[in-house]
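Quick look at protein.cif (mmCIF, C-alpha atoms):
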data_coords
loop_
_atom_site.label_atom_id
_atom_site.label_comp_id
_atom_site.auth_asym_id
_atom_site.auth_seq_id
_atom_site.Cartn_x
_atom_site.Cartn_y
_atom_site.Cartn_z
CA MET A 1 -0.46 -6.06 59.59
CA SER A 2 1.88 -8.93 60.43
CA ASN A 3 -1.05 -11.32 59.94
CA ILE A 4 -1.95 -9.94 56.51
CA MET A 5 1.72 -10.22 55.50
CA LEU A 6 1.79 -13.84 56.68
CA LYS A 7 -1.35 -14.46 54.63
CA GLU A 8 0.40 -13.03 51.57
CA LEU A 9 3.49 -15.16 52.11
CA LYS A 10 1.77 -18.43 52.95
CA LEU A 11 -1.49 -18.34 51.00
CA SER A 12 -1.37 -15.79 48.18
CA ALA A 13 2.19 -15.94 46.91
CA SER A 14 3.16 -18.09 43.98
CA PRO A 15 6.35 -20.16 44.53
CA LEU A 16 7.66 -18.52 41.34
CA ALA A 17 7.83 -15.17 43.14
CA PHE A 18 10.45 -16.63 45.49
CA ILE A 19 12.25 -18.67 42.84
CA PHE A 20 12.54 -15.70 40.47
CA ILE A 21 14.44 -13.73 43.12
CA LEU A 22 17.42 -15.76 41.92
CA PHE A 23 17.34 -13.81 38.66
CA GLY A 24 19.01 -11.03 40.63
CA ALA A 25 22.19 -13.07 40.13
CA MET A 26 21.98 -12.23 36.42
CA PHE A 27 24.07 -9.20 37.42
CA MET A 28 26.98 -11.66 37.30
CA LEU A 29 26.46 -12.51 33.62
CA PRO A 30 28.83 -10.83 31.12
CA GLY A 31 27.48 -10.01 27.68
CA TYR A 32 23.87 -9.94 28.86
CA PRO A 33 21.54 -6.99 29.63
CA VAL A 34 21.71 -7.26 33.41
CA LEU A 35 18.58 -5.20 34.02
CA CYS A 36 16.53 -8.06 32.58
CA GLY A 37 17.14 -9.67 35.98
CA ALA A 38 14.94 -6.98 37.55
CA PHE A 39 12.25 -7.63 34.94
CA PHE A 40 12.24 -11.38 35.62
CA ILE A 41 11.79 -10.72 39.34
CA THR A 42 8.69 -8.66 38.54
CA LEU A 43 7.53 -11.47 36.25
CA GLY A 44 7.52 -13.75 39.29
CA LEU A 45 5.43 -11.16 41.14
CA PHE A 46 3.02 -11.04 38.22
CA GLN A 47 2.57 -14.79 38.56
CA SER A 48 1.67 -14.26 42.21
CA PHE A 49 -1.03 -11.76 41.29
CA GLN A 50 -2.34 -14.18 38.68
CA THR A 51 -2.43 -17.06 41.17
CA ALA A 52 -4.14 -14.88 43.79
CA ARG A 53 -6.72 -13.69 41.28
CA GLU A 54 -7.70 -17.21 40.30
CA ALA A 55 -8.13 -18.06 44.00
CA ASN A 56 -10.35 -14.97 44.59
CA ASP A 57 -7.75 -13.77 47.08
CA ILE A 58 -8.83 -10.13 46.90
CA VAL A 59 -12.45 -10.98 47.73
CA PHE A 60 -11.29 -13.22 50.58
CA SER A 61 -9.02 -10.47 51.93
CA ALA A 62 -11.78 -7.85 51.67
CA LEU A 63 -14.06 -10.08 53.78
CA LEU A 64 -11.54 -10.12 56.60
CA PRO A 65 -12.12 -7.66 59.49
CA ILE A 66 -9.56 -5.20 58.11
CA ALA A 67 -9.75 -1.95 56.16
CA LYS A 68 -9.56 -2.00 52.37
CA SER A 69 -6.36 0.00 52.62
CA ASP A 70 -4.82 -2.86 54.64
CA VAL A 71 -5.52 -5.26 51.75
CA VAL A 72 -3.59 -2.93 49.46
CA LYS A 73 -0.86 -2.46 52.04
CA GLY A 74 -0.39 -6.21 52.38
CA LYS A 75 0.14 -6.57 48.62
CA PHE A 76 2.60 -3.68 48.53
CA ILE A 77 4.59 -4.98 51.49
CA PHE A 78 4.85 -8.39 49.84
CA VAL A 79 5.88 -6.87 46.50
CA CYS A 80 8.51 -4.66 48.13
CA PHE A 81 9.80 -7.62 50.16
CA ILE A 82 10.40 -9.67 47.01
CA GLU A 83 11.92 -6.70 45.17
CA LEU A 84 14.30 -5.88 48.02
CA CYS A 85 15.37 -9.54 48.28
CA GLY A 86 16.28 -9.26 44.60
CA VAL A 87 18.15 -6.01 45.28
CA VAL A 88 20.22 -7.72 48.00
CA LEU A 89 21.26 -10.44 45.54
CA MET A 90 22.05 -7.79 42.91
CA LEU A 91 24.08 -5.80 45.44
CA ILE A 92 26.15 -8.88 46.33
CA SER A 93 26.80 -9.43 42.61
CA VAL A 94 27.75 -5.78 42.14
CA ILE A 95 30.18 -5.86 45.05
CA ILE A 96 31.86 -8.99 43.66
CA ARG A 97 32.13 -7.46 40.19
CA MET A 98 33.43 -4.13 41.52
CA THR A 99 36.10 -5.78 43.68
CA ALA A 100 37.33 -9.32 42.98
CA LEU A 101 36.28 -9.31 39.31
CA ALA A 102 36.85 -5.64 38.50
CA ASP A 103 39.55 -6.45 35.95
CA ALA A 104 38.16 -9.75 34.64
CA GLY A 105 38.44 -9.98 30.86
CA PRO A 106 34.85 -11.06 30.08
CA TYR A 107 33.51 -8.02 31.96
CA ARG A 108 36.02 -5.54 30.55
CA ALA A 109 35.24 -6.68 26.99
CA ASN A 110 31.49 -6.44 27.57
CA ALA A 111 29.84 -3.82 25.34
CA LEU A 112 26.67 -3.90 27.43
CA MET A 113 25.95 -2.23 30.73
CA ASN A 114 28.39 -3.01 33.52
CA ALA A 115 26.92 -4.25 36.81
CA ASN A 116 27.84 -1.29 39.02
CA LEU A 117 26.01 1.02 41.43
CA PHE A 118 24.37 2.87 38.55
CA ALA A 119 22.95 -0.42 37.28
CA LEU A 120 21.63 -1.14 40.78
CA GLY A 121 19.93 2.26 40.87
CA ALA A 122 18.48 1.58 37.42
CA ALA A 123 17.08 -1.76 38.66
CA LEU A 124 15.31 0.13 41.45
CA VAL A 125 13.76 2.41 38.84
CA ILE A 126 12.45 -0.69 37.01
CA PHE A 127 10.92 -1.93 40.26
CA GLY A 128 9.38 1.50 40.86
CA LEU A 129 7.80 1.37 37.40
CA PHE A 130 6.35 -2.06 38.18
CA ASN A 131 4.79 -0.75 41.37
CA TRP A 132 3.36 2.33 39.66
CA ILE A 133 2.13 0.81 36.40
CA PHE A 134 1.19 -2.74 37.33
CA VAL A 135 0.48 -2.95 41.07
CA SER A 136 -1.51 0.27 41.34
CA GLY A 137 -3.04 -0.46 37.91
CA PHE A 138 -4.22 -3.84 39.17
CA PHE A 139 -6.24 -2.18 41.94
CA LYS A 140 -8.20 -0.20 39.37
CA THR A 141 -10.31 -3.36 38.93
CA ALA A 142 -8.68 -5.77 41.45
CA TYR A 143 -9.09 -8.41 38.73
CA LYS A 144 -7.68 -7.45 35.34
CA ILE A 145 -3.92 -7.97 35.13
CA GLY A 146 -3.18 -8.25 31.40
CA ARG A 147 -3.39 -4.61 30.30
CA PRO A 148 -1.32 -3.06 33.12
CA PHE A 149 1.33 -5.76 32.76
CA VAL A 150 1.61 -5.31 28.99
CA ILE A 151 2.01 -1.55 29.51
CA TYR A 152 4.66 -2.25 32.13
CA ILE A 153 6.54 -4.62 29.78
CA ILE A 154 6.67 -1.96 27.06
CA VAL A 155 7.78 0.83 29.40
CA SER A 156 10.32 -1.30 31.28
CA PHE A 157 12.05 -2.56 28.13
CA VAL A 158 12.18 0.95 26.70
CA MET A 159 13.86 2.05 29.93
CA ILE A 160 16.22 -0.94 29.87
CA GLY A 161 17.20 0.04 26.31
CA VAL A 162 17.80 3.64 27.41
CA PHE A 163 19.92 2.61 30.39
CA GLU A 164 21.92 0.20 28.22
CA ALA A 165 22.58 2.90 25.61
CA LEU A 166 23.50 5.82 27.89
CA HIS A 167 27.16 4.95 28.43
CA HIS A 168 27.73 4.89 24.66
CA PHE A 169 26.96 8.61 24.37
CA PRO A 170 29.92 11.04 24.49
CA GLY A 171 30.70 12.19 28.02
CA LEU A 172 28.62 9.50 29.70
CA ASP A 173 31.18 6.70 29.76
CA ALA A 174 31.52 7.12 33.55
CA LEU A 175 28.10 5.49 33.87
CA ASN A 176 29.77 2.21 32.88
CA ALA A 177 32.56 2.52 35.44
CA PHE A 178 34.49 -0.54 36.64
CA GLY A 179 35.69 -1.12 40.18
CA THR A 180 35.82 2.07 42.22
CA ASP A 181 36.18 4.35 39.19
CA SER A 182 33.84 7.36 39.42
CA ILE A 183 32.62 6.02 42.75
CA GLY A 184 31.21 9.41 43.80
CA LEU A 185 29.02 9.61 40.71
CA GLN A 186 28.01 5.97 41.11
CA LEU A 187 26.85 6.57 44.69
CA ILE A 188 24.86 9.65 43.67
CA LEU A 189 23.12 7.69 40.91
CA LEU A 190 22.36 4.82 43.32
CA ILE A 191 20.86 7.25 45.84
CA ALA A 192 18.81 8.82 43.04
CA GLY A 193 17.52 5.34 42.12
CA ILE A 194 16.57 4.67 45.75
CA ILE A 195 14.71 7.98 46.00
CA ILE A 196 12.85 7.35 42.74
CA TYR A 197 11.88 3.85 43.92
CA VAL A 198 10.60 5.09 47.28
CA VAL A 199 8.66 8.01 45.79
CA MET A 200 7.08 5.90 43.04
CA THR A 201 6.17 3.14 45.50
CA VAL A 202 4.57 5.52 48.01
CA LEU A 203 2.62 7.31 45.27
CA SER A 204 1.61 3.94 43.82
CA TYR A 205 0.31 2.77 47.19
CA LYS A 206 -1.75 5.92 47.69
CA ARG A 207 -3.15 5.68 44.16
CA ALA A 208 -4.00 2.00 44.66
CA CYS A 209 -5.83 2.77 47.90
CA ARG A 210 -7.91 5.45 46.18
CA LEU A 211 -8.76 3.15 43.28
CA PHE A 212 -9.56 0.15 45.48
CA GLU A 213 -11.94 2.19 47.65
CA THR A 214 -14.11 2.88 44.59
CA ILE A 215 -14.55 -0.81 43.70
CA ASP A 216 -17.70 -2.60 44.75
CA LEU A 217 -16.56 -6.19 45.28
#
How does this structure look as structure tokens?
Amino acid sequence: MSNIMLKELKLSASPLAFIFILFGAMFMLPGYPVLCGAFFITLGLFQSFQTAREANDIVFSALLPIAKSDVVKGKFIFVCFIELCGVVLMLISVIIRMTALADAGPYRANALMNANLFALGAALVIFGLFNWIFVSGFFKTAYKIGRPFVIYIIVSFVMIGVFEALHHFPGLDALNAFGTDSIGLQLILLIAGIIIYVVMTVLSYKRACRLFETIDL
């Protein structure tokens, strides 16, 4: 499995997948929907799938002396690696905003979602949606990428809109907490986001394996 991961990193991956990890730092931007950073990271991953498709990477991988499920596993490990690199950068941004910049004027005056632990959990949900809708959807044909990505775009931006709007509803202002305010709730929501990400990713992997086994390459 280490070899198939190295193949993904060195041969299949688009440089944009690594460059777009930097969009995780969008969690530092005031007055901007921070969850778009998670979307841009998945956009870099989409470019990797597009590059790999044009190079017939899936056919090449299937010809290797490995099981079809290992081809799928390699893609999922690569995707999760990029996503978690983005999460680390987001987490660093969240820690800075919840400590040193907790009382900074531009953040306090921001009407949009604050970059806190809830936002980090929400970003993980966006990543989970990408894995479920796009990555497993890709393995339905192992070639067509447009339709699953368009569906993912629609669903992800609907969810971003929902997450951005939640703290404006009565009684939900704690979702937009600054610093260590409502830290217990924030931690619970982050853990919920982690669980949702893990469950969606595992189910996506199993679905992708089932779909890929039915394809005659």
Looking at only C-alpha atoms, which of A:Met28, A:Ala165, A:Leu11, A:Leu45 is the one that sits closest to Met90 (chain A)?
A:Met28
Would you list the contacts of Ala104 (chain A) as an mmCIF file with C-alpha atoms, in the coordinates of the input, taking every protein, DNA or RNA residue within 12 Å and counting only C-alpha atoms, but skipping same-chain residues closer than 6 positions in sequence?
data_model
loop_
_atom_site.group_PDB
_atom_site.id
_atom_site.type_symbol
_atom_site.label_atom_id
_atom_site.label_comp_id
_atom_site.auth_asym_id
_atom_site.auth_seq_id
_atom_site.Cartn_x
_atom_site.Cartn_y
_atom_site.Cartn_z
ATOM 1 C CA MET A 28 26.980 -11.660 37.300
ATOM 2 C CA PRO A 30 28.830 -10.830 31.120
ATOM 3 C CA ILE A 96 31.860 -8.990 43.660
ATOM 4 C CA ARG A 97 32.130 -7.460 40.190
ATOM 5 C CA MET A 98 33.430 -4.130 41.520
ATOM 6 C CA ASN A 110 31.490 -6.440 27.570
ATOM 7 C CA ASN A 114 28.390 -3.010 33.520
ATOM 8 C CA PHE A 178 34.490 -0.540 36.640
ATOM 9 C CA GLY A 179 35.690 -1.120 40.180
#
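Proximity of A:Leu9, A:Leu185, A:Ile58, A:Leu124 to Thr141 (chain A), computed with all atoms listed in the file, is greatest for A:Ile58.
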Test item: which residues lie within 10 Å of (1.7, -12.6, 38.5) counting all atoms listed in the file, as a ChimeraX atom specification
/A:13-14,16-17,42-53,134,145-146,149
Determine the residue membership of the PyMOL selection byres ((chain A and resi 39) around 9) for the file above and supply it as a list in words.
Phe23, Leu35, Cys36, Gly37, Ala38, Phe40, Ile41, Thr42, Leu43, Gly44, Ala123, Ile126, Phe127, Phe130, Ile153, Ser156 and Phe157 of chain A
Could you write out the selected residues, including C-alpha atoms, as a compact mmCIF listing (two decimals), in the frame of the given file?
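Wrote it out as selection.txt, contents follow:
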# COMPACT_ATOMS: atom_id res chain seq x y z
CA PHE A 23 17.34 -13.81 38.66
CA LEU A 35 18.58 -5.20 34.02
CA CYS A 36 16.53 -8.06 32.58
CA GLY A 37 17.14 -9.67 35.98
CA ALA A 38 14.94 -6.98 37.55
CA PHE A 40 12.24 -11.38 35.62
CA ILE A 41 11.79 -10.72 39.34
CA THR A 42 8.69 -8.66 38.54
CA LEU A 43 7.53 -11.47 36.25
CA GLY A 44 7.52 -13.75 39.29
CA ALA A 123 17.08 -1.76 38.66
CA ILE A 126 12.45 -0.69 37.01
CA PHE A 127 10.92 -1.93 40.26
CA PHE A 130 6.35 -2.06 38.18
CA ILE A 153 6.54 -4.62 29.78
CA SER A 156 10.32 -1.30 31.28
CA PHE A 157 12.05 -2.56 28.13
Restricting the calculation to only C-alpha atoms, which member of A:Asp57, A:Asp70, A:Asp173, A:Glu164 is positioned closest to Val34 (chain A)?
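Among A:Asp57, A:Asp70, A:Asp173, A:Glu164, it is A:Glu164 that comes nearest to Val34 (chain A).
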Residues picked by the PyMOL selection byres ((chain A and resi 196) around 12) here, as number ranges by chain?
A: 121-129, 131-132, 189-195, 197-204
Atomic separation - CA of Val72 (chain A) relative to CA of Ile215 (chain A), Å:
12.6 Å
Please reconstruct the missing atoms of region 174-204 of chain A (target: N, CA and C atoms) and return them as a PDB file, in the frame of the given file.
ATOM      1  N   ALA A 174      31.349   7.370  32.118  1.00  0.00           N
ATOM      2  CA  ALA A 174      31.520   7.120  33.550  1.00  0.00           C
ATOM      3  C   ALA A 174      30.359   6.294  34.120  1.00  0.00           C
ATOM      4  N   LEU A 175      29.246   6.279  33.409  1.00  0.00           N
ATOM      5  CA  LEU A 175      28.100   5.490  33.870  1.00  0.00           C
ATOM      6  C   LEU A 175      28.416   3.991  33.836  1.00  0.00           C
ATOM      7  N   ASN A 176      29.404   3.625  33.023  1.00  0.00           N
ATOM      8  CA  ASN A 176      29.770   2.210  32.880  1.00  0.00           C
ATOM      9  C   ASN A 176      31.070   1.908  33.614  1.00  0.00           C
ATOM     10  N   ALA A 177      31.304   2.618  34.717  1.00  0.00           N
ATOM     11  CA  ALA A 177      32.560   2.520  35.440  1.00  0.00           C
ATOM     12  C   ALA A 177      32.791   1.107  35.992  1.00  0.00           C
ATOM     13  N   PHE A 178      34.081   0.732  36.063  1.00  0.00           N
ATOM     14  CA  PHE A 178      34.490  -0.540  36.640  1.00  0.00           C
ATOM     15  C   PHE A 178      35.145  -0.295  37.992  1.00  0.00           C
ATOM     16  N   GLY A 179      35.042  -1.261  38.887  1.00  0.00           N
ATOM     17  CA  GLY A 179      35.690  -1.120  40.180  1.00  0.00           C
ATOM     18  C   GLY A 179      35.207   0.112  40.922  1.00  0.00           C
ATOM     19  N   THR A 180      36.155   0.852  41.474  1.00  0.00           N
ATOM     20  CA  THR A 180      35.820   2.070  42.220  1.00  0.00           C
ATOM     21  C   THR A 180      35.970   3.320  41.366  1.00  0.00           C
ATOM     22  N   ASP A 181      36.102   3.178  40.064  1.00  0.00           N
ATOM     23  CA  ASP A 181      36.180   4.350  39.190  1.00  0.00           C
ATOM     24  C   ASP A 181      34.882   5.151  39.289  1.00  0.00           C
ATOM     25  N   SER A 182      35.006   6.460  39.351  1.00  0.00           N
ATOM     26  CA  SER A 182      33.840   7.360  39.420  1.00  0.00           C
ATOM     27  C   SER A 182      32.880   6.941  40.524  1.00  0.00           C
ATOM     28  N   ILE A 183      33.440   6.546  41.669  1.00  0.00           N
ATOM     29  CA  ILE A 183      32.620   6.020  42.750  1.00  0.00           C
ATOM     30  C   ILE A 183      31.652   7.070  43.301  1.00  0.00           C
ATOM     31  N   GLY A 184      32.080   8.338  43.312  1.00  0.00           N
ATOM     32  CA  GLY A 184      31.210   9.410  43.800  1.00  0.00           C
ATOM     33  C   GLY A 184      29.956   9.530  42.947  1.00  0.00           C
ATOM     34  N   LEU A 185      30.147   9.539  41.631  1.00  0.00           N
ATOM     35  CA  LEU A 185      29.020   9.610  40.710  1.00  0.00           C
ATOM     36  C   LEU A 185      28.127   8.378  40.839  1.00  0.00           C
ATOM     37  N   GLN A 186      28.760   7.219  40.973  1.00  0.00           N
ATOM     38  CA  GLN A 186      28.010   5.970  41.110  1.00  0.00           C
ATOM     39  C   GLN A 186      27.109   5.995  42.344  1.00  0.00           C
ATOM     40  N   LEU A 187      27.636   6.495  43.458  1.00  0.00           N
ATOM     41  CA  LEU A 187      26.850   6.570  44.690  1.00  0.00           C
ATOM     42  C   LEU A 187      25.681   7.538  44.549  1.00  0.00           C
ATOM     43  N   ILE A 188      25.933   8.667  43.892  1.00  0.00           N
ATOM     44  CA  ILE A 188      24.860   9.650  43.670  1.00  0.00           C
ATOM     45  C   ILE A 188      23.745   9.040  42.834  1.00  0.00           C
ATOM     46  N   LEU A 189      24.115   8.314  41.787  1.00  0.00           N
ATOM     47  CA  LEU A 189      23.120   7.690  40.910  1.00  0.00           C
ATOM     48  C   LEU A 189      22.349   6.591  41.648  1.00  0.00           C
ATOM     49  N   LEU A 190      23.043   5.846  42.524  1.00  0.00           N
ATOM     50  CA  LEU A 190      22.360   4.820  43.320  1.00  0.00           C
ATOM     51  C   LEU A 190      21.353   5.473  44.266  1.00  0.00           C
ATOM     52  N   ILE A 191      21.764   6.539  44.932  1.00  0.00           N
ATOM     53  CA  ILE A 191      20.860   7.250  45.840  1.00  0.00           C
ATOM     54  C   ILE A 191      19.663   7.799  45.078  1.00  0.00           C
ATOM     55  N   ALA A 192      19.914   8.322  43.875  1.00  0.00           N
ATOM     56  CA  ALA A 192      18.810   8.820  43.040  1.00  0.00           C
ATOM     57  C   ALA A 192      17.838   7.688  42.714  1.00  0.00           C
ATOM     58  N   GLY A 193      18.375   6.498  42.404  1.00  0.00           N
ATOM     59  CA  GLY A 193      17.520   5.340  42.120  1.00  0.00           C
ATOM     60  C   GLY A 193      16.685   4.952  43.324  1.00  0.00           C
ATOM     61  N   ILE A 194      17.303   5.003  44.512  1.00  0.00           N
ATOM     62  CA  ILE A 194      16.570   4.670  45.750  1.00  0.00           C
ATOM     63  C   ILE A 194      15.440   5.658  45.980  1.00  0.00           C
ATOM     64  N   ILE A 195      15.726   6.953  45.795  1.00  0.00           N
ATOM     65  CA  ILE A 195      14.710   7.980  46.000  1.00  0.00           C
ATOM     66  C   ILE A 195      13.554   7.805  45.016  1.00  0.00           C
ATOM     67  N   ILE A 196      13.890   7.549  43.755  1.00  0.00           N
ATOM     68  CA  ILE A 196      12.850   7.350  42.740  1.00  0.00           C
ATOM     69  C   ILE A 196      11.989   6.139  43.090  1.00  0.00           C
ATOM     70  N   TYR A 197      12.629   5.062  43.538  1.00  0.00           N
ATOM     71  CA  TYR A 197      11.880   3.850  43.920  1.00  0.00           C
ATOM     72  C   TYR A 197      10.930   4.139  45.071  1.00  0.00           C
ATOM     73  N   VAL A 198      11.431   4.803  46.105  1.00  0.00           N
ATOM     74  CA  VAL A 198      10.600   5.090  47.280  1.00  0.00           C
ATOM     75  C   VAL A 198       9.444   6.000  46.921  1.00  0.00           C
ATOM     76  N   VAL A 199       9.718   7.066  46.166  1.00  0.00           N
ATOM     77  CA  VAL A 199       8.660   8.010  45.790  1.00  0.00           C
ATOM     78  C   VAL A 199       7.601   7.330  44.930  1.00  0.00           C
ATOM     79  N   MET A 200       8.037   6.580  43.925  1.00  0.00           N
ATOM     80  CA  MET A 200       7.080   5.900  43.040  1.00  0.00           C
ATOM     81  C   MET A 200       6.257   4.863  43.795  1.00  0.00           C
ATOM     82  N   THR A 201       6.885   4.163  44.739  1.00  0.00           N
ATOM     83  CA  THR A 201       6.170   3.140  45.500  1.00  0.00           C
ATOM     84  C   THR A 201       5.136   3.768  46.429  1.00  0.00           C
ATOM     85  N   VAL A 202       5.509   4.834  47.109  1.00  0.00           N
ATOM     86  CA  VAL A 202       4.570   5.520  48.010  1.00  0.00           C
ATOM     87  C   VAL A 202       3.394   6.093  47.228  1.00  0.00           C
ATOM     88  N   LEU A 203       3.692   6.747  46.102  1.00  0.00           N
ATOM     89  CA  LEU A 203       2.620   7.310  45.270  1.00  0.00           C
ATOM     90  C   LEU A 203       1.741   6.202  44.697  1.00  0.00           C
ATOM     91  N   SER A 204       2.363   5.077  44.345  1.00  0.00           N
ATOM     92  CA  SER A 204       1.610   3.940  43.820  1.00  0.00           C
ATOM     93  C   SER A 204       0.653   3.389  44.867  1.00  0.00           C
TER      94      SER A 204
END
